[in-house]
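A short worksheet on the structure shown next.
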Amino acid sequence: MTIDHPTGAAPEAVPAVSVSGLVKHYGEMTALDHFDLDVRQGEIFGLLGPNGSGKTTAINCILALLAYDSGTIRVFGEPMTPTSYALKRRIGLVPQNVAVLNELTVEENIDYFCSLYVPKKAERAPLVDEAIDFAGLGDYRRFRPGKLSGGLLRRLNIACGIAHKPDLIIFDEPTVAVDPQSRNAILEGIQRLNRDGATVIYTSHYMEEVEEICDRILIMDYGRHLALGTADELKDMIDTGERITIETLDLGDETLAAVRALGFVTDAAWDGRRLDVTCRRGDHNLVDLIGVLRAGGASIGHLTSRPPTLNDVFLELTGTALRD
Amino acid sequence: MWSTFVMTLRTNLQDKASMFWLIVFPLALATLFNMMFADLGSQYELKAVPLATVQDTNWNNDKGASAFIDALSGEAKDATGISRPLLDATRADSVGKARDLIAKGDADGYLTVDKQGRITLTLASGAVAGMDGSGASVSGKSITISALGGAIDLYNRTDALTRKLIADNPWAATSRSFWTSLGSATGMTRETTLTNSVPGVSTRYFYALFAMACIMSMSYSIRAVVTAQANLSALGVRRSIAPLSRTRQLVAGFLASWLCASVCLLVAFAYIRFVLGVPFGGREPAAVLAVVTASFMACAFGTMIGAIPKLSYGVKVGMTSAIACTLSLFSGLYGAFAMSLSDWIARNLPALALINPTQQVVNLFYDILYFDSYRPFLATCGVLLAMSALFLAAGALMLKEQRYEHL
């Protein structure tokens with residue numbers, strides 16, 4: 001599937017989405033608290049946060065489905081309102097909940113949702129065929145949604161959102177409750193759409209997915225912008241370094257105390273078989289740690305060193321682990 | 001807009017629950033009504049009442065009274081007899097014998113003639129109990145006894161008057177006009193047809209059933225609204241971000257719902273009219289217009305219900321059934337008690353009847369059946385259209401408030 005881009009605006013000149021100082025209250029609860037966002041054209045932008053962090057609220061505000069208390073929202077440089085039909089024509093949404101008509105077949109569903117953007121049947125027919133091929137639903141054209149598996153249903157949900165070849169596609173947690181095989185297919189599809197030129201906003205609370213496919217990631221919680229950057233940039237922002245795990249059966253109290261006394265160690269725990277050490281950023285942490293263990297006469301078995309993850313980033317930024 | 005119209009039409013036609021309530025339910029219940037009420041009409045026909053005639057000396061001396069009773073029992077030898085006998089006379093020599101016949105169950109009462117030629121009808125307690133005046137107990141026999149009582153009373157008054165006039169002015173008996181005026185049937189019970197066509201006793205039950213099915217059709221427009229609103233469904237989210245105005249989507253959904261409801265109800269109408277033979281006054285085109293008007297009102301009602309925020313589609317469909325069942329109680333669907341209640345409301349609380357959509361749908365068909373003029377029918381159409389306007393205005397107001405809504 002190929003996405004044609006009618007506008008010739010330079011990616012750096014006009015952001016695909018620009019949100020500034022967005023505030024949204026639900027009664028007394030603040031859903032978005034001076035939230036800022038800039039999505040460049042042509043990138044896959046990840047919006048990462050736990051459930052209830054304000055991701056979907058932000059998306060709904062961007063799509064003009066929700067009113068907001070203050071702030072500005074621009075899509076492709078234009079203010080977004082419920083009647084911005086020219087802008088809406090360039091946007092595709094894959095909602096979190098599967099939104100298809102159970103009475104229509106796979107093909108009819110895609111055709112109907114595409115018809116809201118492309119009224120002429122002759123222009124629409126090849127787009128529908130392309131979307132079916134893209135989603136791998138060729139064998140299920142005449143199937144009703146009720147006959148599809150969860151993964152195929154998600155793929156139909158995606159096909160309905162992208163058939164009209166939008167310039168900006170918003171995926172709102174598209175892999176929730178999806179088996180690993182379908183999840184991989186979905187993530188590959190999103191990357192393919194992006195390679196073909198579409199800008200993608202991808203919201204999820206699965207950090208591995210976000211880290212895998214997104215060019216830049218914005219971490220948010222309680223409606224606030226916490227950090228923005230590439231996965232590596234985000235990891236560089238935090239003090240947490242690698243996590244080292246060493247199998248050792250004969251660790252003495254003095255040796256454990258010596259490990260904890262190392263300047264780069266923030267935490268060390270031994271359960272009689274395994275020593276877990278959390279480190280600050282440093283170039284020689286592993287070498288220094290092994291030196292202390294050898295000096296204490298401890299035997300060293302299997303050893304692993306894991307670099308910091310987005311979860312560590314989130315943990316350090318918020319003080320809590322990413323909630324499900 | 002056209003694709004949304006077609007899509008709504010297709011999804012509605014495949015909605016099994018609505019198909020059941022709009023086609024299967026009225027057809028099945030109408031068939032059931034037809035079987036239940038098959039011989040109900042015959043129960044209201046005039047039937048000859050078994051009575052003993054005490055043919056004692058007074059009876060034999062008064063030829064006028066005996067001739068009158070013979071005429072009522074259809075035993076007159078000349079042309080004075082009536083086409084439908086009101087009594088089935090059994091001869092008894094005395095009052096005692098007549099009472100014996102009552103005790104045996106061979107008679108419901110007896111007739112006696114006194115010395116002045118006055119006829120007296122005495123009824124058994126069982127026959128009196130059937131004439132206590134409650135609507136539910138009215139039957140062919142009680143109607144016959146009422147007619148018989150009226151005829152005997154008129155005879156007695158006429159006989160007494162004739163005797164008095166002749167006693168006061170014997171020459172009057174020689175005047176033809178005197179006897180002609182006495183023979184006039186003023187005050188007699190006479191069978192006549194007041195309506196545009198002859199209604200069956202069960203007709204109004206079919207109309208009430210039709211009104212209930214009509215209200216159930218609002219589920220179509222409820223769905224049309226819910227699936228177009230971002231705050232009410234995931235489908236609504238997807239449709240709301242499309243470059244097609246919400247008004248056009250809602251209008252397309254409404255028109256498709258109206259068409260579906262009209263078609264389904266016309267199928268039910270065709271069955272009730274042409275298979276079961278329920279009368280619509282020979283004005284089938286007006287009945288079709290009534291169906292289309294009623295379904296428009298139902299879809300407008302559904303639009304209002306569908307627009308209520310923060311209620312799920314399932315709750316709204318449940319509300320449809322509850323509203324249809326409740327309103328049908330007041331339009332007489334559930335038997336004689338409900339019919340009496342409906343009549344009582346129409347007499348004593350007309351404003352309540354006016355705002356009951358099912359009653360107004362029933363009234364549409366009454367108007368077709370009972371009135372020569374189309375004016376009452378058009379007036380009821382006006383009431384339903386005014387209701388529709390109110391429902392649509394309320395729905396539009398709620399939808400306007402939800403232009404942006406919490407998701």
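Naming works like this for the structure tokens: A, B, ... for the chains as they're shown, residue 1 at the start of each chain, ligands 1 onward in shown order.
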
Write out as JSON, numbers by chain which residues come within 12 Å of Leu384 of chain B when counting only C-alpha atoms, dropping same-chain ones fewer than 2 positions away. {"B": [290, 291, 292, 293, 294, 295, 296, 297, 298, 299, 300, 301, 354, 355, 356, 357, 358, 359, 360, 361, 362, 363, 364, 377, 378, 379, 380, 381, 382, 386, 387, 388, 389, 390, 391]}

Any chance you can output those residues with C-alpha atoms as a tab-separated table (two decimals), in the first residue's frame?
chain	number	residue	atom	x	y	z
B	290	ALA	CA	-51.49	6.12	9.14
B	291	VAL	CA	-48.69	3.53	9.26
B	292	VAL	CA	-46.21	5.92	7.68
B	293	THR	CA	-47.21	8.73	10.06
B	294	ALA	CA	-47.10	6.46	13.10
B	295	SER	CA	-43.66	5.10	12.18
B	296	PHE	CA	-42.39	8.65	11.70
B	297	MET	CA	-43.52	9.47	15.23
B	298	ALA	CA	-41.90	6.27	16.55
B	299	CYS	CA	-38.59	7.12	14.87
B	300	ALA	CA	-38.73	10.64	16.26
B	301	PHE	CA	-39.39	9.17	19.71
B	354	LEU	CA	-53.58	13.00	24.06
B	355	ILE	CA	-49.95	12.61	25.11
B	356	ASN	CA	-49.94	8.81	24.89
B	357	PRO	CA	-48.35	7.96	21.53
B	358	THR	CA	-49.83	4.45	21.42
B	359	GLN	CA	-53.32	5.80	22.11
B	360	GLN	CA	-52.88	8.30	19.29
B	361	VAL	CA	-51.80	5.53	16.92
B	362	VAL	CA	-54.88	3.55	17.94
B	363	ASN	CA	-56.96	6.68	17.39
B	364	LEU	CA	-55.61	6.97	13.85
B	377	PHE	CA	-57.99	11.31	11.01
B	378	LEU	CA	-56.09	14.34	9.81
B	379	ALA	CA	-56.40	15.91	13.26
B	380	THR	CA	-54.83	12.80	14.85
B	381	CYS	CA	-52.10	12.86	12.19
B	382	GLY	CA	-51.50	16.45	13.27
B	386	ALA	CA	-46.67	17.65	16.69
B	387	MET	CA	-45.42	14.90	19.03
B	388	SER	CA	-42.74	14.03	16.48
B	389	ALA	CA	-41.64	17.65	16.31
B	390	LEU	CA	-41.32	17.77	20.09
B	391	PHE	CA	-39.36	14.50	20.20

Find the residues around Ile272 of chain B up to 9 Å (only C-alpha atoms counted), leave out those fewer than 6 positions away in its own chain, and share them as number ranges by chain. B: 26-27, 30-31, 206, 278-279

Writing out the chosen residues with N, CA and C atoms as a short mmCIF file (atom, residue, chain, number, x, y, z; two decimals), in the first residue's frame:
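Result file is part_10.cif:
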data_model
loop_
_atom_site.label_atom_id
_atom_site.label_comp_id
_atom_site.auth_asym_id
_atom_site.auth_seq_id
_atom_site.Cartn_x
_atom_site.Cartn_y
_atom_site.Cartn_z
N PRO B 26 -46.01 -8.97 15.98
CA PRO B 26 -47.39 -8.59 15.66
C PRO B 26 -48.12 -9.66 14.86
N LEU B 27 -47.40 -10.36 13.97
CA LEU B 27 -48.06 -11.40 13.18
C LEU B 27 -48.50 -12.56 14.08
N ALA B 30 -51.24 -11.30 16.49
CA ALA B 30 -52.48 -11.04 15.75
C ALA B 30 -53.16 -12.36 15.42
N THR B 31 -52.36 -13.36 15.05
CA THR B 31 -52.92 -14.68 14.76
C THR B 31 -53.57 -15.27 16.01
N PHE B 206 -56.54 -5.42 17.87
CA PHE B 206 -55.57 -5.44 16.77
C PHE B 206 -54.94 -4.05 16.61
N VAL B 278 -59.11 -8.05 9.44
CA VAL B 278 -59.49 -6.98 10.39
C VAL B 278 -59.86 -5.74 9.57
N PRO B 279 -61.02 -5.14 9.88
CA PRO B 279 -61.48 -4.02 9.04
C PRO B 279 -60.72 -2.72 9.29
#

Give as a ChimeraX atom specification every residue of chain B that touches chain A within 12 Å, counting only C-alpha atoms. /B:1-16,223,227-249,401-407

Separation of atom CA of Met216 of chain B from atom CA of Gly314 of chain B, in Å and rounded to one decimal: 14.0 Å

Please provide the set of residues having any atom within 6 Å of segment 103-120 of chain B, restricted to only C-alpha atoms, with same-chain residues fewer than 4 positions apart removed, written as a ChimeraX atom specification. /B:50-54,58-59,62,124,127,156

Filtered DSSP result for segment 142-252 of chain A, state alpha helix (DSSP H), as a CSV table (one decimal) with N, CA and C atoms, in the first residue's frame:
chain,number,residue,atom,x,y,z
A,150,GLY,N,-9.9,-12.7,17.3
A,150,GLY,CA,-9.6,-11.4,17.8
A,150,GLY,C,-8.5,-10.6,17.0
A,151,GLY,N,-7.5,-11.4,16.6
A,151,GLY,CA,-6.4,-10.7,15.8
A,151,GLY,C,-6.9,-10.2,14.5
A,152,LEU,N,-7.7,-11.0,13.8
A,152,LEU,CA,-8.3,-10.6,12.5
A,152,LEU,C,-9.2,-9.4,12.6
A,153,LEU,N,-9.9,-9.4,13.8
A,153,LEU,CA,-10.9,-8.3,14.0
A,153,LEU,C,-10.1,-7.0,14.2
A,154,ARG,N,-8.9,-7.1,14.9
A,154,ARG,CA,-8.1,-5.9,15.1
A,154,ARG,C,-7.6,-5.4,13.7
A,155,ARG,N,-7.2,-6.4,12.9
A,155,ARG,CA,-6.7,-6.0,11.5
A,155,ARG,C,-7.8,-5.3,10.7
A,156,LEU,N,-9.1,-5.8,10.9
A,156,LEU,CA,-10.2,-5.2,10.2
A,156,LEU,C,-10.4,-3.8,10.7
A,157,ASN,N,-10.2,-3.6,12.0
A,157,ASN,CA,-10.3,-2.3,12.7
A,157,ASN,C,-9.3,-1.3,12.1
A,158,ILE,N,-8.1,-1.9,11.8
A,158,ILE,CA,-7.0,-1.0,11.2
A,158,ILE,C,-7.4,-0.7,9.8
A,159,ALA,N,-7.8,-1.7,9.0
A,159,ALA,CA,-8.1,-1.5,7.6
A,159,ALA,C,-9.2,-0.4,7.4
A,160,CYS,N,-10.2,-0.5,8.3
A,160,CYS,CA,-11.3,0.5,8.2
A,160,CYS,C,-10.7,2.0,8.5
A,161,GLY,N,-9.7,2.1,9.3
A,161,GLY,CA,-9.1,3.4,9.6
A,161,GLY,C,-8.1,3.9,8.6
A,162,ILE,N,-7.6,3.0,7.8
A,162,ILE,CA,-6.5,3.5,6.9
A,162,ILE,C,-6.8,3.4,5.4
A,180,PRO,N,0.5,-12.7,20.3
A,180,PRO,CA,1.8,-12.1,19.9
A,180,PRO,C,2.0,-12.1,18.4
A,181,GLN,N,1.5,-13.1,17.7
A,181,GLN,CA,1.6,-13.2,16.2
A,181,GLN,C,0.9,-12.0,15.6
A,182,SER,N,-0.3,-11.8,16.0
A,182,SER,CA,-1.1,-10.7,15.4
A,182,SER,C,-0.5,-9.3,15.8
A,183,ARG,N,0.1,-9.3,17.0
A,183,ARG,CA,0.7,-8.0,17.5
A,183,ARG,C,1.9,-7.7,16.6
A,184,ASN,N,2.7,-8.7,16.3
A,184,ASN,CA,3.8,-8.5,15.4
A,184,ASN,C,3.4,-8.0,14.0
A,185,ALA,N,2.3,-8.6,13.5
A,185,ALA,CA,1.8,-8.3,12.2
A,185,ALA,C,1.3,-6.8,12.2
A,186,ILE,N,0.7,-6.4,13.3
A,186,ILE,CA,0.2,-5.1,13.4
A,186,ILE,C,1.3,-4.1,13.4
A,187,LEU,N,2.3,-4.4,14.2
A,187,LEU,CA,3.5,-3.5,14.4
A,187,LEU,C,4.2,-3.3,13.0
A,188,GLU,N,4.4,-4.5,12.4
A,188,GLU,CA,5.0,-4.4,11.0
A,188,GLU,C,4.2,-3.6,10.1
A,189,GLY,N,2.9,-3.7,10.1
A,189,GLY,CA,2.0,-2.9,9.2
A,189,GLY,C,2.1,-1.5,9.5
A,190,ILE,N,2.2,-1.1,10.8
A,190,ILE,CA,2.4,0.3,11.1
A,190,ILE,C,3.7,0.9,10.6
A,191,GLN,N,4.7,0.1,10.7
A,191,GLN,CA,6.0,0.6,10.2
A,191,GLN,C,6.0,0.7,8.6
A,192,ARG,N,5.2,-0.2,8.0
A,192,ARG,CA,5.1,-0.2,6.6
A,192,ARG,C,4.3,1.1,6.1
A,193,LEU,N,3.3,1.4,6.8
A,193,LEU,CA,2.5,2.6,6.6
A,193,LEU,C,3.4,3.9,6.7
A,194,ASN,N,4.2,3.8,7.7
A,194,ASN,CA,5.1,5.0,7.9
A,194,ASN,C,6.2,5.1,6.8
A,195,ARG,N,6.7,3.9,6.4
A,195,ARG,CA,7.7,3.9,5.3
A,195,ARG,C,7.1,4.5,4.0
A,207,MET,N,5.6,-0.7,26.8
A,207,MET,CA,6.8,0.0,26.5
A,207,MET,C,7.7,-0.7,25.4
A,208,GLU,N,7.7,-2.0,25.4
A,208,GLU,CA,8.5,-2.7,24.4
A,208,GLU,C,8.1,-2.3,23.0
A,209,GLU,N,6.7,-2.3,22.8
A,209,GLU,CA,6.2,-1.9,21.4
A,209,GLU,C,6.6,-0.5,21.1
A,210,VAL,N,6.4,0.4,22.0
A,210,VAL,CA,6.8,1.8,21.7
A,210,VAL,C,8.2,2.0,21.4
A,211,GLU,N,9.1,1.3,22.2
A,211,GLU,CA,10.5,1.3,22.0
A,211,GLU,C,10.9,0.7,20.6
A,212,GLU,N,10.1,-0.3,20.2
A,212,GLU,CA,10.5,-1.0,19.0
A,212,GLU,C,10.2,-0.2,17.8
A,213,ILE,N,9.0,0.5,17.7
A,213,ILE,CA,8.6,1.1,16.5
A,213,ILE,C,8.7,2.6,16.4
A,231,ALA,N,14.2,6.7,22.3
A,231,ALA,CA,14.3,5.8,23.4
A,231,ALA,C,15.7,6.0,24.1
A,232,ASP,N,16.8,6.1,23.3
A,232,ASP,CA,18.1,6.3,23.8
A,232,ASP,C,18.2,7.6,24.6
A,233,GLU,N,17.6,8.7,24.0
A,233,GLU,CA,17.7,10.0,24.7
A,233,GLU,C,17.0,9.9,26.0
A,234,LEU,N,15.9,9.2,26.0
A,234,LEU,CA,15.1,9.1,27.3
A,234,LEU,C,15.9,8.4,28.3
A,235,LYS,N,16.6,7.3,27.9
A,235,LYS,CA,17.4,6.5,28.9
A,235,LYS,C,18.6,7.3,29.4
A,236,ASP,N,19.1,8.2,28.5
A,236,ASP,CA,20.2,9.0,28.9
A,236,ASP,C,19.8,10.1,29.9
A,237,MET,N,18.5,10.4,29.9
A,237,MET,CA,18.0,11.4,30.8
A,237,MET,C,18.0,11.0,32.3

Considering only C-alpha atoms, state which residue in the set B:Arg375, B:Arg84, B:Lys97, B:Lys63 is at the smallest distance from Thr144 of chain B.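 Counting only C-alpha atoms, the residue closest to Thr144 of chain B is B:Arg84.
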
Which residues in segment 47-267 of chain A does DSSP call strand (DSSP E)? List them as an NGL selection string. :A and (47-48 or 70-75 or 78-79 or 91-94 or 168-172 or 199-204 or 216-221 or 224-229 or 240-247 or 265-267)

In Å, rounded to a single decimal, give me how far atom CA of Gly77 of chain A is from atom CA of Gln41 of chain A. 11.0 Å

Which residues are near Ala31 of chain A? Cut-off 10 Å, only C-alpha atoms, ignore same chain within fewer than 3 positions. Put them as a compact mmCIF listing (two decimals) with C-alpha atoms, in the first residue's frame.
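Saved file around26.txt follows:
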# COMPACT_ATOMS: atom_id res chain seq x y z
CA LEU A 22 -3.72 21.91 26.64
CA VAL A 23 -5.86 21.78 29.76
CA LYS A 24 -8.84 19.49 30.13
CA HIS A 25 -10.89 18.90 33.28
CA TYR A 26 -13.51 16.23 33.94
CA GLY A 27 -15.36 17.86 36.78
CA GLU A 28 -12.74 18.32 39.49
CA HIS A 34 -0.85 22.13 30.30
CA PHE A 35 0.01 19.33 27.95
CA GLY A 52 -5.69 6.84 32.89
CA SER A 53 -2.67 9.00 32.15
CA GLY A 54 -4.57 11.12 29.60
CA LYS A 55 -3.43 9.55 26.31
CA THR A 56 -6.90 8.93 24.91
CA THR A 57 -8.15 12.28 26.20
CA ALA A 58 -5.30 14.00 24.38
CA TYR A 68 -10.93 21.45 26.24
CA ASP A 221 1.26 10.70 33.40
CA TYR A 222 -1.54 12.48 35.22
CA GLY A 223 -2.10 14.51 32.06
CA ARG A 224 1.38 15.98 32.12

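For the residues B:Leu72, B:Val49, B:Ser18, B:Asp372, ranking by smallest atom-to-atom distance to Asp88 of chain B using only C-alpha atoms places B:Val49 first.
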
Quick one: distance from atom CA of Tyr220 of chain B to atom CA of Ser257 of chain B in Å, one decimal?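 Atom-to-atom, atom CA of Tyr220 of chain B to atom CA of Ser257 of chain B, that is 5.3 Å.
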
Contacts of segment 263-266 of chain A at 8 Å or less, counting only C-alpha atoms, minus same-chain residues fewer than 2 places along, as a compact mmCIF listing (two decimals) with C-alpha atoms, in the first residue's frame?
# COMPACT_ATOMS: atom_id res chain seq x y z
CA VAL A 259 29.35 -4.10 47.15
CA ARG A 260 26.77 -1.75 48.70
CA ALA A 261 29.54 0.67 49.54
CA ALA A 268 22.12 -4.62 46.13
CA VAL A 277 22.72 -4.98 41.79
CA THR A 278 21.18 -1.77 40.49
CA CYS A 279 23.74 0.74 39.29
CA ARG A 280 23.99 4.38 38.45
CA ARG A 281 25.35 5.36 35.07
CA GLY A 282 29.05 4.50 34.76
CA ASN A 285 30.47 -0.68 36.81
